[in-house]
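K.L.:
Supplied in structure tokens, the structure appears directly below.
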Amino acid sequence: MTAVSQAMGLQANQAICKYLQRAERYEKRVLEDKDPEDLHQMRVALRRLRTVMQVFAGGIQLPKAANDRRVAQVSRC
């Protein structure tokens, strides 16, 4: 593995973790259903997560369960 691919893998990992954590941060508040802004922010984080997954798709291997369609499915729920 080259230094460039390692660096890109690290960037992908950091971005995926960032947006997944951001979406998870809103989960409890979304389930309480008190402020529509929480749902909006969770959906924004999930959209960004999907974008990161698409951008880095050619350079990283994610588990089968971690795919764009599943993230989109969660977003729609």
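By convention here, the chains of the structure tokens are called A, B, ... in the order presented, each chain's residues are numbered starting at 1, and ligands are numbered starting at 1 in the order presented.
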So that I can see what lies close to Val52 of chain A, please list as a VMD selection string the residues with an atom at most 10 Å from it, counting only C-alpha atoms and leaving out residues fewer than 2 positions away in the same chain.
P.N.:
chain A and resid 11 to 13 15 to 16 19 46 to 50 54 to 57 68
K.L.:
Can I get the selected residues back with N, CA and C atoms, as a compact mmCIF listing (two decimals), in the first residue's frame?
P.N.:
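So again_1.txt came out as:
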# COMPACT_ATOMS: atom_id res chain seq x y z
N GLN A 11 -8.22 9.48 5.56
CA GLN A 11 -9.19 10.56 5.37
C GLN A 11 -10.61 10.00 5.25
N ALA A 12 -10.75 8.92 4.52
CA ALA A 12 -12.07 8.30 4.36
C ALA A 12 -12.58 7.83 5.71
N ASN A 13 -11.73 7.18 6.47
CA ASN A 13 -12.12 6.68 7.79
C ASN A 13 -12.55 7.83 8.70
N ALA A 15 -13.66 10.82 7.86
CA ALA A 15 -14.90 11.45 7.39
C ALA A 15 -16.11 10.56 7.68
N ILE A 16 -15.97 9.26 7.46
CA ILE A 16 -17.07 8.34 7.73
C ILE A 16 -17.41 8.36 9.22
N TYR A 19 -19.27 11.78 10.23
CA TYR A 19 -20.68 11.93 9.88
C TYR A 19 -21.56 10.86 10.50
N LEU A 46 -26.47 12.19 7.44
CA LEU A 46 -26.55 10.95 6.67
C LEU A 46 -26.30 11.20 5.18
N ARG A 47 -26.76 12.31 4.66
CA ARG A 47 -26.47 12.64 3.26
C ARG A 47 -24.97 12.84 3.06
N ARG A 48 -24.34 13.50 3.99
CA ARG A 48 -22.89 13.71 3.90
C ARG A 48 -22.14 12.40 4.03
N LEU A 49 -22.63 11.52 4.89
CA LEU A 49 -22.04 10.20 5.03
C LEU A 49 -22.12 9.45 3.70
N ARG A 50 -23.28 9.48 3.06
CA ARG A 50 -23.44 8.83 1.76
C ARG A 50 -22.48 9.41 0.72
N GLN A 54 -19.56 7.45 -1.33
CA GLN A 54 -19.51 7.44 -2.79
C GLN A 54 -18.18 7.95 -3.32
N VAL A 55 -17.67 9.02 -2.72
CA VAL A 55 -16.42 9.62 -3.18
C VAL A 55 -15.25 8.65 -3.00
N PHE A 56 -15.22 7.97 -1.87
CA PHE A 56 -14.10 7.07 -1.57
C PHE A 56 -14.37 5.62 -1.96
N ALA A 57 -15.48 5.33 -2.61
CA ALA A 57 -15.87 3.96 -2.93
C ALA A 57 -14.79 3.19 -3.69
N ASP A 68 -24.39 2.37 0.41
CA ASP A 68 -25.13 3.59 0.13
C ASP A 68 -26.64 3.38 0.25
K.L.:
Quick one: residues within 9 Å of Arg43 of chain A, only C-alpha atoms, excluding same-chain residues fewer than 5 positions away - as number ranges by chain?
P.N.:
A: 23, 38, 48, 75-76
K.L.:
For the residues selected in the previous step, produce a file with N, CA and C atoms as a JSON list (two decimals), in the first residue's frame.
P.N.:
[["chain", "number", "residue", "atom", "x", "y", "z"],
["A", 23, "ALA", "N", -24.63, 11.86, 12.97],
["A", 23, "ALA", "CA", -26.00, 11.34, 12.81],
["A", 23, "ALA", "C", -26.46, 10.66, 14.09],
["A", 38, "ASP", "N", -33.80, 18.74, 14.64],
["A", 38, "ASP", "CA", -32.99, 17.57, 14.94],
["A", 38, "ASP", "C", -33.06, 16.55, 13.80],
["A", 48, "ARG", "N", -24.34, 13.50, 3.99],
["A", 48, "ARG", "CA", -22.89, 13.71, 3.90],
["A", 48, "ARG", "C", -22.14, 12.40, 4.03],
["A", 75, "SER", "N", -32.12, 7.03, 6.16],
["A", 75, "SER", "CA", -32.49, 8.44, 6.00],
["A", 75, "SER", "C", -33.97, 8.62, 5.76],
["A", 76, "ARG", "N", -34.54, 7.72, 4.96],
["A", 76, "ARG", "CA", -35.96, 7.83, 4.65],
["A", 76, "ARG", "C", -36.85, 7.48, 5.84]]
K.L.:
Calculate how many Å separate atom CA of Met8 of chain A from atom CA of His40 of chain A, rounding to one decimal.
P.N.:
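According to the coordinates, atom CA of Met8 of chain A and atom CA of His40 of chain A are separated by 29.1 Å.
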K.L.:
Could you name the residues that touch Val30 of chain A at 9 Å or less, counting only C-alpha atoms, but leaving out those on the same chain fewer than 5 positions away, as an mmCIF file with N, CA, C and O atoms, in the first residue's frame?
P.N.:
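That gives us out-v9.cif:
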data_model
loop_
_atom_site.group_PDB
_atom_site.id
_atom_site.type_symbol
_atom_site.label_atom_id
_atom_site.label_comp_id
_atom_site.auth_asym_id
_atom_site.auth_seq_id
_atom_site.Cartn_x
_atom_site.Cartn_y
_atom_site.Cartn_z
ATOM 1 N N ASP A 35 -38.343 18.610 18.132
ATOM 2 C CA ASP A 35 -37.868 19.711 17.294
ATOM 3 C C ASP A 35 -37.524 19.166 15.903
ATOM 4 O O ASP A 35 -36.656 18.300 15.770
ATOM 5 N N PRO A 36 -38.191 19.658 14.872
ATOM 6 C CA PRO A 36 -37.912 19.156 13.520
ATOM 7 C C PRO A 36 -36.476 19.434 13.057
ATOM 8 O O PRO A 36 -35.971 18.774 12.168
ATOM 9 N N GLU A 37 -35.818 20.391 13.685
ATOM 10 C CA GLU A 37 -34.436 20.705 13.320
ATOM 11 C C GLU A 37 -33.511 19.519 13.599
ATOM 12 O O GLU A 37 -32.543 19.283 12.858
ATOM 13 N N ASP A 38 -33.804 18.744 14.637
ATOM 14 C CA ASP A 38 -32.990 17.568 14.942
ATOM 15 C C ASP A 38 -33.056 16.548 13.805
ATOM 16 O O ASP A 38 -32.038 15.990 13.403
ATOM 17 N N LEU A 39 -34.245 16.322 13.288
ATOM 18 C CA LEU A 39 -34.409 15.406 12.161
ATOM 19 C C LEU A 39 -33.660 15.943 10.941
ATOM 20 O O LEU A 39 -32.971 15.192 10.243
ATOM 21 N N MET A 42 -29.939 15.386 11.381
ATOM 22 C CA MET A 42 -29.598 13.968 11.237
ATOM 23 C C MET A 42 -29.582 13.579 9.757
ATOM 24 O O MET A 42 -28.677 12.878 9.299
#
K.L.:
Could you check the closest approach to Thr51 of chain A for each of A:Val71, A:Thr2, A:Leu10, A:Pro63 and tell me which residue wins, using only C-alpha atoms?
P.N.:
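Going through A:Val71, A:Thr2, A:Leu10, A:Pro63 one by one, the smallest distance to Thr51 of chain A is for A:Val71.
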K.L.:
Considering only helix (DSSP H, G or I) as DSSP defines it on the backbone, what residues of chain A qualify? List them as a PyMOL selection string.
P.N.:
chain A and resi 3-25+27-32+36-55+68-76
K.L.:
Provide the atom CA of Cys77 of chain A to atom CA of Leu31 of chain A distance in Å, to one decimal place.
P.N.:
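If I compute the distance from atom CA of Cys77 of chain A to atom CA of Leu31 of chain A, I get 11.2 Å.
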K.L.:
Tell me which of A:Gly59, A:Arg22, A:Arg29, A:Lys34 sits closest to Gln6 of chain A, counting only C-alpha atoms.
P.N.:
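For Gln6 of chain A, the nearest of the candidates is A:Gly59.
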